[in-house]
Every structure is written in C-alpha cells, then in structure tokens.
>>> print(open('entry03.cif').read())   # mmCIF, C-alpha atoms
data_model
loop_
_atom_site.group_PDB
_atom_site.id
_atom_site.type_symbol
_atom_site.label_atom_id
_atom_site.label_comp_id
_atom_site.auth_asym_id
_atom_site.auth_seq_id
_atom_site.Cartn_x
_atom_site.Cartn_y
_atom_site.Cartn_z
ATOM 1 C CA MET A 260 0.000 0.000 0.000
ATOM 2 C CA THR A 261 1.117 3.529 -0.665
ATOM 3 C CA GLU A 262 1.165 6.160 2.058
ATOM 4 C CA ILE A 263 -2.048 7.919 1.006
ATOM 5 C CA GLN A 264 -3.904 4.609 0.862
ATOM 6 C CA GLN A 265 -2.591 3.796 4.325
ATOM 7 C CA ALA A 266 -3.985 7.088 5.635
ATOM 8 C CA HIS A 267 -7.393 6.279 4.171
ATOM 9 C CA ALA A 268 -7.292 2.766 5.628
ATOM 10 C CA LEU A 269 -6.403 4.192 9.035
ATOM 11 C CA LEU A 270 -9.388 6.531 8.898
ATOM 12 C CA GLU A 271 -11.654 3.613 7.990
ATOM 13 C CA GLY A 272 -10.446 1.762 11.055
ATOM 14 C CA VAL A 273 -11.042 4.751 13.323
ATOM 15 C CA LEU A 274 -14.183 6.331 11.835
ATOM 16 C CA GLY A 275 -15.789 3.441 9.998
ATOM 17 C CA THR A 276 -16.497 2.918 6.315
ATOM 18 C CA GLN A 277 -19.387 5.393 6.166
ATOM 19 C CA ILE A 278 -17.631 8.514 7.499
ATOM 20 C CA ALA A 279 -14.014 7.853 6.486
ATOM 21 C CA PRO A 280 -14.326 8.801 2.776
ATOM 22 C CA TYR A 281 -15.870 12.163 3.633
ATOM 23 C CA ALA A 282 -13.339 12.904 6.367
ATOM 24 C CA PHE A 283 -10.532 11.949 3.981
ATOM 25 C CA ALA A 284 -11.899 14.220 1.234
ATOM 26 C CA ILE A 285 -12.205 17.150 3.625
ATOM 27 C CA ALA A 286 -8.654 16.557 4.878
ATOM 28 C CA LEU A 287 -7.320 16.561 1.302
ATOM 29 C CA LEU A 288 -9.161 19.792 0.488
ATOM 30 C CA CYS A 289 -7.813 21.443 3.634
ATOM 31 C CA ALA A 290 -4.279 20.352 2.773
ATOM 32 C CA GLY A 291 -4.634 21.855 -0.703
ATOM 33 C CA GLN A 292 -5.929 25.136 0.685
ATOM 34 C CA SER A 293 -3.094 25.275 3.189
ATOM 35 C CA SER A 294 -0.581 24.781 0.394
ATOM 36 C CA THR A 295 -2.187 27.493 -1.730
ATOM 37 C CA ILE A 296 -2.243 29.985 1.126
ATOM 38 C CA THR A 297 1.408 29.262 1.928
ATOM 39 C CA GLY A 298 2.369 29.890 -1.692
ATOM 40 C CA THR A 299 0.357 33.111 -1.794
ATOM 41 C CA LEU A 300 1.991 34.431 1.372
ATOM 42 C CA ALA A 301 5.447 33.463 0.123
ATOM 43 C CA GLY A 302 4.762 35.356 -3.097
ATOM 44 C CA GLN A 303 3.600 38.386 -1.150
ATOM 45 C CA ILE A 304 6.718 38.423 1.023
ATOM 46 C CA THR A 305 8.961 38.017 -2.000
ATOM 47 C CA MET A 306 7.251 40.746 -4.002
ATOM 48 C CA GLU A 307 6.857 43.291 -1.226
ATOM 49 C CA GLY A 308 9.861 42.537 0.948
ATOM 50 C CA PHE A 309 12.631 41.620 -1.429
ATOM 51 C CA LEU A 310 11.588 43.167 -4.734
ATOM 52 C CA ARG A 311 9.769 46.183 -3.248
ATOM 53 C CA PHE A 312 7.046 45.647 -5.838
ATOM 54 C CA ARG A 313 3.641 46.546 -4.418
ATOM 55 C CA ILE A 314 0.326 45.750 -6.077
ATOM 56 C CA ARG A 315 -3.220 45.484 -4.795
ATOM 57 C CA PRO A 316 -3.760 42.381 -2.631
ATOM 58 C CA TRP A 317 -6.624 40.989 -4.741
ATOM 59 C CA LEU A 318 -4.516 41.268 -7.898
ATOM 60 C CA ARG A 319 -1.522 39.628 -6.234
ATOM 61 C CA ARG A 320 -3.724 36.738 -5.045
ATOM 62 C CA LEU A 321 -5.211 36.356 -8.508
ATOM 63 C CA ILE A 322 -1.779 36.199 -10.142
ATOM 64 C CA THR A 323 -0.316 33.818 -7.569
ATOM 65 C CA ARG A 324 -3.254 31.411 -7.616
ATOM 66 C CA THR A 325 -3.463 31.469 -11.401
ATOM 67 C CA LEU A 326 0.209 30.524 -11.609
ATOM 68 C CA ALA A 327 -0.359 27.716 -9.105
ATOM 69 C CA ILE A 328 -3.251 26.332 -11.164
ATOM 70 C CA ILE A 329 -1.283 26.533 -14.406
ATOM 71 C CA ARG A 330 1.667 24.790 -12.772
ATOM 72 C CA ARG A 331 -0.527 21.884 -11.632
ATOM 73 C CA TRP A 332 -1.868 21.320 -15.163
ATOM 74 C CA ARG A 333 1.614 20.745 -16.565
#
>>> encode(input="entry03.cif", output="structure tokens")
Amino acid sequence: MTEIQQAHALLEGVLGTQIAPYAFAIALLCAGQSSTITGTLAGQITMEGFLRFRIRPWLRRLITRTLAIIRRWR
C-alpha cells in the first residue's frame, strides 16, 4: 500500500467505512488550501519585501493562484 492509501485505511479503522471517505476528502481539500495559502503568502513576502514591488492584494492573489493552477496542469 502507498502512504495515502494507508492514511485512508487508518481513517476507515477509526471512523468506519461510512464517514471515512468524507473525512478523507475534507482533509485533502484542507491540505490543498493550506498549500495554496502558503504559496500566496510566500509570493507576497517576496514581491513586497525583497523586490519592493507593491500591487493590490486581490490582484496579487489572482496572479499567484493562477500561476499555481497553471503549474498543476503541466
């Protein structure tokens, strides 16, 4: 078994077969959001702190998240 399958199997043992798939899906979504937020904040620190390049926060988030989505498609 791979590691992600082991995590799902562990949840089945703890939560049962009815709840485990939903808990696992929510955990995966939360992990993805955490990763996206970390990347967005890293981009903000790099742009504002190191490059001294300031843009509106909504535009910065749009650019950073768009780049993250494009990178995942490759």
>>> resolve_selection(input="entry03.cif", expression="the PyMOL selection byres ((chain A and resi 303) around 12)", output="short mmCIF file (atom, residue, chain, number, x, y, z; two decimals) with C-alpha atoms, in the frame of the given file")
data_model
loop_
_atom_site.label_atom_id
_atom_site.label_comp_id
_atom_site.auth_asym_id
_atom_site.auth_seq_id
_atom_site.Cartn_x
_atom_site.Cartn_y
_atom_site.Cartn_z
CA ILE A 296 -2.24 29.98 1.13
CA THR A 297 1.41 29.26 1.93
CA GLY A 298 2.37 29.89 -1.69
CA THR A 299 0.36 33.11 -1.79
CA LEU A 300 1.99 34.43 1.37
CA ALA A 301 5.45 33.46 0.12
CA GLY A 302 4.76 35.36 -3.10
CA ILE A 304 6.72 38.42 1.02
CA THR A 305 8.96 38.02 -2.00
CA MET A 306 7.25 40.75 -4.00
CA GLU A 307 6.86 43.29 -1.23
CA GLY A 308 9.86 42.54 0.95
CA PHE A 309 12.63 41.62 -1.43
CA LEU A 310 11.59 43.17 -4.73
CA ARG A 311 9.77 46.18 -3.25
CA PHE A 312 7.05 45.65 -5.84
CA ARG A 313 3.64 46.55 -4.42
CA ILE A 314 0.33 45.75 -6.08
CA ARG A 315 -3.22 45.48 -4.80
CA PRO A 316 -3.76 42.38 -2.63
CA TRP A 317 -6.62 40.99 -4.74
CA LEU A 318 -4.52 41.27 -7.90
CA ARG A 319 -1.52 39.63 -6.23
CA ARG A 320 -3.72 36.74 -5.04
CA LEU A 321 -5.21 36.36 -8.51
CA ILE A 322 -1.78 36.20 -10.14
CA THR A 323 -0.32 33.82 -7.57
CA ARG A 324 -3.25 31.41 -7.62
#
>>> atom_distance(input="entry03.cif", atom1="CA of Leu274 in chain A", atom2="CA of Thr295 in chain A")
27.9 Å
>>> atom_distance(input="entry03.cif", atom1="CA of Ala284 in chain A", atom2="CA of His267 in chain A")
9.6 Å
>>> atom_distance(input="entry03.cif", atom1="CA of Gln292 in chain A", atom2="CA of Ala279 in chain A")
19.9 Å
>>> axis_aligned_box(input="entry03.cif", around="range 288-292 of chain A", padding_each_side="6 Å", output="JSON")
{"center_x": -6.7, "center_y": 22.5, "center_z": 1.5, "size_x": 16.9, "size_y": 17.3, "size_z": 16.3}
